[in-house]
Amino acid sequence: MNDDNLKEEIKKDIHKEFALERIILFSDAVFAIVITLMAIEIRLPETEGRMTPEKLNEALLHVLPTILAYCVSFSFVGVIWYQHLKLYNLLKSYDKGLVIRNLGLLFLIGLFPFTSMVVSRGPKNVLLPVLIYMMVIICCIAMLVVIEHYILFKRPELRNNLDITKHIKRHKERRFSLISFSIVIILVLISNHLITDPNLFFIHSFIIILLPISVLIYKRINKEK
């Protein structure tokens, strides 16, 4: 390889690294904007003049569901961002397939301000807002699994020569979480169809609690192995 060809290859590598950096920066900006939009939704009700202590207490109780929805959504978006960061640290290049999958993940992440508002402001003892929220979560996990599979197995030439053992393990755990989420949603839908008494709404919540329990059991079994 002569000097001209070597310089051309170096220029191409630098251009790919710069373009990959733009993809990562754009993704980080979307994550940051989503979190900001969720925080903006935390607003006290409008009142004339200064609030009395009683009205302040009522206002804080009013925004409490919004704050709880923000905390849960912030935690999940933060976890997805962290996994996204670690996964993209493996890359030295990109292609059209990776860009499309990354945009798919960002599209789903962008729905969190809407789903958080639906959950916090939706009617109580109604399953639909929770199902909408859970569907967005499961779609985000599914898209992350798709991106992982693309980078780890389908397009290994995009990766640096780094050890991916831990990433493969996390990929398997994430696939299990995805399956668990899907099963929980199916069980909730079935129970919602069979149980129509509003006083028994707590049963749906009990089924949802099965998800983190199943994930913890799966991790414990893998750790013992």
# chains A, B, ... in the order shown; residues from 1 in each chain; ligands from 1
call {"tool": "residues_around", "arguments": {"residues": "segment 21-29 of chain A", "least_positions_apart": "6", "cutoff": "12 Å", "atoms": "only C-alpha atoms", "output": "PyMOL selection string"}}
result
chain A and resi 14-15+35-36+77-78+80-82+84-89+91-96+98-107+109-110
call {"tool": "residues_around", "arguments": {"residues": "Leu108 of chain A", "least_positions_apart": "5", "cutoff": "9 Å", "atoms": "only C-alpha atoms", "output": "list in words"}}
result
Leu103, Val136, Ile137, Cys139, Cys140 and Met143 of chain A
call {"tool": "residues_around", "arguments": {"residues": "segment 116-132 of chain A", "least_positions_apart": "4", "cutoff": "6 Å", "atoms": "only C-alpha atoms", "output": "compact mmCIF listing (two decimals) with N, CA and C atoms, in the first residue's frame"}}
result
# COMPACT_ATOMS: atom_id res chain seq x y z
N PRO A 65 -48.61 12.19 41.85
CA PRO A 65 -48.56 11.15 40.81
C PRO A 65 -47.62 11.51 39.65
N THR A 66 -47.58 12.79 39.30
CA THR A 66 -46.68 13.22 38.22
C THR A 66 -45.22 13.05 38.63
N ALA A 69 -44.40 9.34 38.54
CA ALA A 69 -44.24 8.91 37.15
C ALA A 69 -42.91 9.40 36.59
N PHE A 112 -41.88 8.76 26.11
CA PHE A 112 -41.99 8.71 27.57
C PHE A 112 -42.67 9.93 28.18
call {"tool": "closest_residue", "arguments": {"among": "A:Cys71, A:Leu162, A:Met134, A:Ala142", "to": "Ile179 of chain A", "atoms": "only C-alpha atoms"}}
result
A:Ala142
call {"tool": "atom_distance", "arguments": {"atom1": "atom CA of Ile168 of chain A", "atom2": "atom CA of Ile141 of chain A"}}
result
15.2 Å
call {"tool": "atom_distance", "arguments": {"atom1": "atom CA of Tyr150 of chain A", "atom2": "atom CA of Val79 of chain A"}}
result
19.8 Å
call {"tool": "atom_distance", "arguments": {"atom1": "atom CA of Leu44 of chain A", "atom2": "atom CA of Ser73 of chain A"}}
result
19.5 Å
call {"tool": "select_by_dssp", "arguments": {"residues": "segment 77-182 of chain A", "states": "alpha helix (DSSP H)", "output": "count of residues only"}}
result
76
call {"tool": "closest_residue", "arguments": {"among": "A:Phe76, A:Ile151, A:Asp163, A:Val146", "to": "Arg175 of chain A", "atoms": "only C-alpha atoms"}}
result
A:Val146
call {"tool": "decode", "arguments": {"residues": "segment 67-165 of chain A", "atoms": "C-alpha atoms", "output": "compact mmCIF listing (two decimals), in the first residue's frame"}}
result
# COMPACT_ATOMS: atom_id res chain seq x y z
CA ILE A 67 -43.55 13.21 40.40
CA LEU A 68 -43.78 9.44 40.90
CA ALA A 69 -44.24 8.91 37.15
CA TYR A 70 -41.23 11.17 36.52
CA CYS A 71 -39.04 9.21 38.97
CA VAL A 72 -39.94 5.86 37.42
CA SER A 73 -39.53 7.14 33.86
CA PHE A 74 -36.26 8.93 34.68
CA SER A 75 -34.85 5.71 36.15
CA PHE A 76 -35.81 3.65 33.12
CA VAL A 77 -34.58 6.22 30.57
CA GLY A 78 -31.34 6.54 32.56
CA VAL A 79 -30.81 2.76 32.47
CA ILE A 80 -31.46 2.64 28.70
CA TRP A 81 -29.04 5.54 28.16
CA TYR A 82 -26.34 3.79 30.22
CA GLN A 83 -26.78 0.53 28.29
CA HIS A 84 -26.74 2.50 25.04
CA LEU A 85 -23.49 4.18 26.12
CA LYS A 86 -21.75 0.90 26.97
CA LEU A 87 -22.92 -0.76 23.77
CA TYR A 88 -21.77 2.06 21.50
CA ASN A 89 -18.36 2.07 23.17
CA LEU A 90 -17.79 -1.19 21.28
CA LEU A 91 -18.14 0.47 17.90
CA LYS A 92 -15.51 1.72 15.51
CA SER A 93 -17.85 2.26 12.56
CA TYR A 94 -21.54 2.27 11.59
CA ASP A 95 -23.84 1.47 8.71
CA LYS A 96 -27.36 2.29 7.56
CA GLY A 97 -28.87 -0.63 9.47
CA LEU A 98 -27.42 0.59 12.76
CA VAL A 99 -28.63 4.16 12.15
CA ILE A 100 -32.18 2.96 11.42
CA ARG A 101 -32.28 0.80 14.55
CA ASN A 102 -30.87 3.63 16.66
CA LEU A 103 -33.55 6.01 15.36
CA GLY A 104 -36.17 3.39 16.23
CA LEU A 105 -34.95 3.34 19.84
CA LEU A 106 -34.91 7.14 20.05
CA PHE A 107 -38.44 7.30 18.63
CA LEU A 108 -39.68 5.02 21.41
CA ILE A 109 -37.74 6.91 24.10
CA GLY A 110 -39.39 10.10 22.86
CA LEU A 111 -42.80 8.69 23.84
CA PHE A 112 -41.99 8.71 27.57
CA PRO A 113 -43.17 12.27 28.29
CA PHE A 114 -46.56 11.33 26.78
CA THR A 115 -46.86 7.97 28.57
CA SER A 116 -45.79 9.51 31.89
CA MET A 117 -48.54 12.11 31.53
CA VAL A 118 -51.09 9.41 30.64
CA VAL A 119 -50.21 7.38 33.75
CA SER A 120 -50.10 10.34 36.15
CA ARG A 121 -53.26 12.09 34.87
CA GLY A 122 -55.28 9.09 33.75
CA PRO A 123 -58.25 7.75 35.71
CA LYS A 124 -57.59 5.57 38.74
CA ASN A 125 -58.37 1.85 38.78
CA VAL A 126 -58.24 1.78 34.97
CA LEU A 127 -55.75 -0.51 33.30
CA LEU A 128 -55.32 1.24 29.95
CA PRO A 129 -52.82 3.95 31.08
CA VAL A 130 -50.61 1.31 32.75
CA LEU A 131 -50.75 -0.90 29.66
CA ILE A 132 -49.75 2.01 27.40
CA TYR A 133 -46.81 2.76 29.69
CA MET A 134 -45.73 -0.88 29.85
CA MET A 135 -46.02 -1.31 26.08
CA VAL A 136 -43.60 1.59 25.51
CA ILE A 137 -41.18 0.04 28.03
CA ILE A 138 -41.34 -3.38 26.38
CA CYS A 139 -40.84 -1.82 22.94
CA CYS A 140 -37.75 0.05 24.21
CA ILE A 141 -36.29 -3.16 25.63
CA ALA A 142 -37.09 -4.99 22.39
CA MET A 143 -35.35 -2.34 20.27
CA LEU A 144 -32.31 -2.39 22.54
CA VAL A 145 -32.15 -6.18 22.14
CA VAL A 146 -32.36 -5.72 18.36
CA ILE A 147 -29.47 -3.22 18.40
CA GLU A 148 -27.40 -5.49 20.63
CA HIS A 149 -27.95 -8.47 18.35
CA TYR A 150 -27.03 -6.35 15.33
CA ILE A 151 -23.76 -5.17 16.88
CA LEU A 152 -22.73 -8.36 18.69
CA PHE A 153 -23.69 -10.98 16.11
CA LYS A 154 -24.95 -9.64 12.79
CA ARG A 155 -22.34 -6.95 12.09
CA PRO A 156 -19.20 -7.84 14.10
CA GLU A 157 -17.08 -5.84 11.61
CA LEU A 158 -18.50 -2.66 13.15
CA ARG A 159 -16.95 -3.48 16.52
CA ASN A 160 -13.51 -2.89 17.98
CA ASN A 161 -11.49 -5.92 19.00
CA LEU A 162 -12.80 -5.94 22.56
CA ASP A 163 -14.03 -8.70 24.83
CA ILE A 164 -17.81 -8.95 24.46
CA THR A 165 -18.43 -11.77 26.98
